[in-house]
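Quick look at final.pdb (PDB, C-alpha atoms and all ligand atoms):
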ATOM      1  CA  THR A  78    -196.510 180.575  44.849
ATOM      2  CA  PHE A  79    -192.935 181.067  46.021
ATOM      3  CA  VAL A  80    -191.865 180.695  49.641
ATOM      4  CA  VAL A  81    -189.016 182.122  51.720
ATOM      5  CA  THR A  82    -187.386 179.352  53.750
ATOM      6  CA  GLU A  83    -185.083 179.118  56.717
ATOM      7  CA  ALA A  84    -181.831 180.287  55.121
ATOM      8  CA  CYS A  85    -183.132 183.885  55.116
ATOM      9  CA  ILE A  86    -183.388 184.039  58.923
ATOM     10  CA  ARG A  87    -180.838 186.471  60.440
ATOM     11  CA  CYS A  88    -179.451 187.282  56.954
ATOM     12  CA  LYS A  89    -182.187 189.235  55.159
ATOM     13  CA  TYR A  90    -180.087 190.200  52.157
ATOM     14  CA  THR A  91    -183.166 191.761  50.436
ATOM     15  CA  ASP A  92    -181.825 191.261  46.878
ATOM     16  CA  CYS A  93    -185.125 189.470  46.249
ATOM     17  CA  VAL A  94    -187.184 192.576  46.957
ATOM     18  CA  SER A  95    -185.821 194.758  44.194
ATOM     19  CA  VAL A  96    -186.808 192.334  41.429
ATOM     20  CA  CYS A  97    -190.354 191.434  42.504
ATOM     21  CA  PRO A  98    -192.796 193.009  40.032
ATOM     22  CA  VAL A  99    -195.751 192.895  42.429
ATOM     23  CA  ASP A 100    -194.210 193.919  45.784
ATOM     24  CA  CYS A 101    -195.321 190.813  47.608
ATOM     25  CA  PHE A 102    -192.454 190.651  50.111
ATOM     26  CA  HIS A 103    -193.225 191.524  53.732
ATOM     27  CA  GLU A 104    -190.543 192.348  56.272
ATOM     28  CA  GLY A 105    -190.099 191.129  59.821
ATOM     29  CA  PRO A 106    -187.190 191.889  62.175
ATOM     30  CA  ASN A 107    -184.849 189.233  60.750
ATOM     31  CA  PHE A 108    -186.752 187.448  57.974
ATOM     32  CA  LEU A 109    -188.866 188.185  54.908
ATOM     33  CA  VAL A 110    -191.957 186.353  53.702
ATOM     34  CA  ILE A 111    -193.911 186.256  50.444
ATOM     35  CA  ASP A 112    -197.641 186.911  50.366
ATOM     36  CA  PRO A 113    -199.057 183.858  48.571
ATOM     37  CA  ALA A 114    -202.161 185.799  47.575
ATOM     38  CA  VAL A 115    -200.093 188.339  45.630
ATOM     39  CA  CYS A 116    -197.156 186.315  44.215
ATOM     40  CA  ILE A 117    -197.605 185.696  40.480
ATOM     41  CA  ASP A 118    -195.063 182.841  40.322
ATOM     42  CA  CYS A 119    -192.704 184.721  38.030
ATOM     43  CA  ALA A 120    -189.683 183.061  39.725
ATOM     44  CA  VAL A 121    -187.310 185.994  39.193
ATOM     45  CA  CYS A 122    -186.607 186.389  42.925
ATOM     46  CA  ALA A 123    -185.288 182.873  43.550
ATOM     47  CA  PRO A 124    -181.903 183.195  41.808
ATOM     48  CA  GLU A 125    -181.324 186.639  43.369
ATOM     49  CA  CYS A 126    -181.087 185.268  46.910
ATOM     50  CA  PRO A 127    -177.410 184.724  47.876
ATOM     51  CA  VAL A 128    -178.374 181.952  50.298
ATOM     52  CA  GLY A 129    -180.950 180.197  48.109
ATOM     53  CA  ALA A 130    -183.775 180.773  50.566
ATOM     54  CA  ILE A 131    -186.540 181.187  47.972
ATOM     55  CA  VAL A 132    -188.205 178.134  46.441
ATOM     56  CA  ALA A 133    -191.479 177.222  44.767
ATOM     57  CA  ASP A 134    -194.033 175.889  47.247
ATOM     58  CA  SER A 135    -193.952 172.592  45.338
ATOM     59  CA  ASP A 136    -190.207 172.415  45.938
ATOM     60  CA  VAL A 137    -189.801 173.171  49.644
ATOM     61  CA  PRO A 138    -186.971 171.058  51.140
ATOM     62  CA  ALA A 139    -187.951 168.191  53.445
ATOM     63  CA  GLY A 140    -188.337 169.421  56.989
ATOM     64  CA  GLN A 141    -189.207 172.980  55.936
ATOM     65  CA  GLU A 142    -192.831 172.408  54.895
ATOM     66  CA  HIS A 143    -194.026 174.625  57.756
ATOM     67  CA  PHE A 144    -192.538 177.640  55.966
ATOM     68  CA  VAL A 145    -195.465 177.589  53.526
ATOM     69  CA  ASP A 146    -197.942 178.421  56.312
ATOM     70  CA  LEU A 147    -195.444 180.666  58.006
ATOM     71  CA  ASN A 148    -195.116 182.872  54.893
ATOM     72  CA  ALA A 149    -198.881 183.267  54.664
ATOM     73  CA  ARG A 150    -199.242 184.024  58.361
ATOM     74  CA  TYR A 151    -196.540 186.683  58.622
ATOM     75  CA  ALA A 152    -197.469 188.255  55.279
ATOM     76  CA  ALA A 153    -200.739 189.207  56.944
ATOM     77  CA  GLN A 154    -198.916 190.816  59.892
ATOM     78  CA  TRP A 155    -195.740 192.419  58.593
ATOM     79  CA  PRO A 156    -195.422 195.510  56.351
ATOM     80  CA  VAL A 157    -194.565 195.345  52.654
ATOM     81  CA  ILE A 158    -190.921 195.934  51.766
ATOM     82  CA  SER A 159    -190.456 197.210  48.222
ATOM     83  CA  GLN A 160    -186.871 198.472  48.261
ATOM     84  CA  ALA A 161    -183.700 196.576  49.065
ATOM     85  CA  ARG A 162    -181.715 197.620  52.109
ATOM     86  CA  GLU A 163    -178.451 196.592  53.772
ATOM     87  CA  PRO A 164    -178.380 192.971  54.971
ATOM     88  CA  LEU A 165    -178.331 192.379  58.720
ATOM     89  CA  PRO A 166    -174.854 193.201  60.084
ATOM     90  CA  ASP A 167    -173.919 189.577  60.862
ATOM     91  CA  ALA A 168    -175.595 188.114  57.744
ATOM     92  CA  GLU A 169    -172.379 186.508  56.546
ATOM     93  CA  HIS A 170    -171.994 184.523  59.742
ATOM     94  CA  TRP A 171    -175.598 183.306  59.734
ATOM     95  CA  ALA A 172    -175.583 182.453  56.021
ATOM     96  CA  SER A 173    -173.860 179.132  56.710
ATOM     97  CA  VAL A 174    -175.810 178.217  59.860
ATOM     98  CA  SER A 175    -178.697 175.745  59.628
ATOM     99  CA  GLY A 176    -181.514 175.097  62.086
ATOM    100  CA  LYS A 177    -182.291 178.816  62.478
ATOM    101  CA  LEU A 178    -186.042 178.596  63.019
ATOM    102  CA  ASP A 179    -185.613 179.240  66.771
ATOM    103  CA  HIS A 180    -184.028 182.575  65.865
ATOM    104  CA  LEU A 181    -187.023 183.836  63.896
ATOM    105  CA  ALA A 182    -188.092 187.132  65.468
ATOM    106  CA  GLU A 183    -191.700 188.307  65.217
TER     107      GLU A 183
HETATM  108 FE1  LIG B 201    -192.367 188.274  43.519
HETATM  109 FE2  LIG B 201    -192.145 186.730  41.358
HETATM  110 FE3  LIG B 201    -190.832 186.098  43.571
HETATM  111 FE4  LIG B 201    -193.471 185.852  43.497
HETATM  112  S1  LIG B 201    -192.005 184.666  42.297
HETATM  113  S2  LIG B 201    -192.259 186.742  45.140
HETATM  114  S3  LIG B 201    -194.040 187.574  42.188
HETATM  115  S4  LIG B 201    -190.512 187.929  42.323
HETATM  116 FE1  LIG B 202    -183.916 186.714  52.543
HETATM  117 FE2  LIG B 202    -182.626 185.959  50.424
HETATM  118 FE3  LIG B 202    -184.401 187.854  50.216
HETATM  119  S1  LIG B 202    -181.772 186.190  52.446
HETATM  120  S2  LIG B 202    -184.318 188.853  52.185
HETATM  121  S3  LIG B 202    -184.797 185.749  50.793
HETATM  122  S4  LIG B 202    -182.447 187.780  49.175
END

If you convert what's in this file into structure tokens, what do you get?
Ligand code: SF4
Ligand code: F3S
Amino acid sequence: TFVVTEACIRCKYTDCVSVCPVDCFHEGPNFLVIDPAVCIDCAVCAPECPVGAIVADSDVPAGQEHFVDLNARYAAQWPVISQAREPLPDAEHWASVSGKLDHLAE
């Protein structure tokens, strides 16, 4: 399955959503997650993300392993998003910031 990692937090560009053939993205206030039970591993979303937030679960960067569980957990709580929308207003600023986990809003 594919996983959304930290770079998405406070950016939420949503380019990923429009290409997913199975609508497995779920939307929180400032982050998206992928439902691992629905993702078919097609990989088309990964190159669409301007900040490179989407990776295969076998390829999660060191220190971000917790995002695998986090995607599964929030996918069960947040609604499906199936159409792209405008990024968050200050997405450009946050795109280059690391260590954003503390900013994740539920
Ligand atoms: Fe959707 Fe394919 Fe990305 Fe999985 S890998 S989230 S099925 S676009
Ligand atoms: Fe997030 Fe990238 Fe999608 S910033 S909303 S994973 S395009």

If we draw a sphere of 6 Å around (-187.9, 179.8, 60.5), which residues have at least one atom in it when counting all atoms listed in the file? Please report them as a CSV table (one decimal) with C-alpha atoms, in the frame of the given file.
chain,number,residue,atom,x,y,z
A,83,GLU,CA,-185.1,179.1,56.7
A,178,LEU,CA,-186.0,178.6,63.0
A,181,LEU,CA,-187.0,183.8,63.9

Proximity check chain A to ligand LIG 201 (chain B), 8 Å, nearest pairs one decimal Å, all atoms listed in the file, as a tab-separated table:
residue	atom	partner	partner_atom	distance
A:Thr78	CA	B:LIG201	FE4	6.2
A:Phe79	CA	B:LIG201	S1	5.3
A:Val80	CA	B:LIG201	S2	7.5
A:Cys93	CA	B:LIG201	S4	6.8
A:Val94	CA	B:LIG201	S4	7.4
A:Val96	CA	B:LIG201	S4	5.8
A:Cys97	CA	B:LIG201	S4	3.5
A:Pro98	CA	B:LIG201	FE1	5.9
A:Val99	CA	B:LIG201	S3	5.6
A:Asp100	CA	B:LIG201	FE1	6.4
A:Cys101	CA	B:LIG201	FE1	5.6
A:Phe102	CA	B:LIG201	S2	6.3
A:Ile111	CA	B:LIG201	S2	5.6
A:Asp112	CA	B:LIG201	S2	7.5
A:Pro113	CA	B:LIG201	FE4	7.8
A:Val115	CA	B:LIG201	S3	7.0
A:Cys116	CA	B:LIG201	FE4	3.8
A:Ile117	CA	B:LIG201	S3	4.4
A:Asp118	CA	B:LIG201	S1	4.1
A:Cys119	CA	B:LIG201	FE2	3.9
A:Ala120	CA	B:LIG201	S1	3.8
A:Val121	CA	B:LIG201	S4	4.9
A:Cys122	CA	B:LIG201	S4	4.2
A:Ala123	CA	B:LIG201	FE3	6.4
A:Ile131	CA	B:LIG201	FE3	7.9
A:Ala133	CA	B:LIG201	S1	7.9

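Against this structure, the PyMOL selection byres (((chain A and resi 177) around 9) and not hetatm) ends up with Glu83, Ala84, Cys85, Ile86, Arg87, Trp171, Val174, Ser175, Gly176, Leu178, Asp179, His180 and Leu181 of chain A.
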
* Can I get the residues close to ligand LIG 202 (chain B) as a PyMOL selection string, where close means within 6 Å and we count only C-alpha atoms and all ligand atoms? -> chain A and resi 81+85+88-93+109+126-128+130-131

message: So the first atom is atom CA of Arg150 of chain A and the second is atom CA of Phe108 of chain A; what is the distance between them in Å, to one decimal place?
response: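 Spanning atom CA of Arg150 of chain A to atom CA of Phe108 of chain A is a straight-line distance of 13.0 Å.
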
The residue from A:Asp136, A:Asp167, A:Ser95, A:Gly105 with the smallest atom-to-atom distance to Tyr151 of chain A, counting all atoms listed in the file, is A:Gly105

Open item on the list: Would you compute the distance between atom CA of Leu147 of chain A and atom CA of Glu104 of chain A? Give it in Å to one decimal.
Closed with: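 A separation of 12.8 Å between them.
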
TODO: Provide the atom CA of Ala172 of chain A to atom CA of Pro124 of chain A distance in Å, to one decimal place.
DONE: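 Here the two named atoms are 15.6 Å from each other.
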
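In terms of minimum interatomic distance to Ser159 of chain A, A:His103 ranks closest within A:Ser173, A:His143, A:His103, A:Asp134, counting only C-alpha atoms.
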
Counting all atoms listed in the file, figure out which residue out of A:Glu183, A:Thr82, A:Glu125, A:Val137 gets nearest to Ala161 of chain A.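 For Ala161 of chain A, the nearest of the candidates is A:Glu125.
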
Handout entry: Given all atoms listed in the file as the counted atoms, nearest of A:Glu142, A:Ala149, A:Val132, A:Asn107 to Glu163 of chain A
Key =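 Checking each of A:Glu142, A:Ala149, A:Val132, A:Asn107 against Glu163 of chain A, counting all atoms listed in the file, the winner is A:Asn107.
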
Could you add whatever atoms are missing so that segment 94-113 of chain A carries N, CA and C atoms, then write the result as a tab-separated table (two decimals), in the frame of the given file?
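Produced file part.tsv, reproduced below:
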chain	number	residue	atom	x	y	z
A	94	VAL	N	-186.15	191.54	46.95
A	94	VAL	CA	-187.18	192.58	46.96
A	94	VAL	C	-187.14	193.45	45.71
A	95	SER	N	-185.93	193.79	45.29
A	95	SER	CA	-185.82	194.76	44.19
A	95	SER	C	-186.29	194.20	42.86
A	96	VAL	N	-186.38	192.88	42.73
A	96	VAL	CA	-186.81	192.33	41.43
A	96	VAL	C	-188.28	191.94	41.38
A	97	CYS	N	-188.96	191.91	42.50
A	97	CYS	CA	-190.35	191.43	42.50
A	97	CYS	C	-191.27	192.46	41.83
A	98	PRO	N	-191.97	192.05	40.77
A	98	PRO	CA	-192.80	193.01	40.03
A	98	PRO	C	-194.10	193.38	40.74
A	99	VAL	N	-194.46	192.64	41.79
A	99	VAL	CA	-195.75	192.90	42.43
A	99	VAL	C	-195.64	193.25	43.92
A	100	ASP	N	-194.42	193.52	44.39
A	100	ASP	CA	-194.21	193.92	45.78
A	100	ASP	C	-194.89	193.00	46.79
A	101	CYS	N	-194.63	191.71	46.67
A	101	CYS	CA	-195.32	190.81	47.61
A	101	CYS	C	-194.45	190.36	48.77
A	102	PHE	N	-193.28	190.98	48.94
A	102	PHE	CA	-192.45	190.65	50.11
A	102	PHE	C	-192.88	191.50	51.31
A	103	HIS	N	-192.91	190.84	52.47
A	103	HIS	CA	-193.22	191.52	53.73
A	103	HIS	C	-192.06	191.32	54.68
A	104	GLU	N	-191.76	192.35	55.48
A	104	GLU	CA	-190.54	192.35	56.27
A	104	GLU	C	-190.80	192.24	57.77
A	105	GLY	N	-190.15	191.23	58.37
A	105	GLY	CA	-190.10	191.13	59.82
A	105	GLY	C	-188.72	191.54	60.31
A	106	PRO	N	-188.47	191.42	61.63
A	106	PRO	CA	-187.19	191.89	62.18
A	106	PRO	C	-185.97	191.20	61.56
A	107	ASN	N	-186.04	189.90	61.31
A	107	ASN	CA	-184.85	189.23	60.75
A	107	ASN	C	-185.17	188.21	59.67
A	108	PHE	N	-186.29	188.42	58.97
A	108	PHE	CA	-186.75	187.45	57.97
A	108	PHE	C	-187.75	188.15	57.06
A	109	LEU	N	-187.81	187.70	55.81
A	109	LEU	CA	-188.87	188.18	54.91
A	109	LEU	C	-189.80	187.03	54.58
A	110	VAL	N	-191.01	187.36	54.20
A	110	VAL	CA	-191.96	186.35	53.70
A	110	VAL	C	-192.60	186.87	52.42
A	111	ILE	N	-193.19	185.94	51.67
A	111	ILE	CA	-193.91	186.26	50.44
A	111	ILE	C	-195.40	186.08	50.69
A	112	ASP	N	-196.19	187.04	50.25
A	112	ASP	CA	-197.64	186.91	50.37
A	112	ASP	C	-198.15	186.00	49.25
A	113	PRO	N	-198.65	184.81	49.61
A	113	PRO	CA	-199.06	183.86	48.57
A	113	PRO	C	-200.26	184.34	47.76
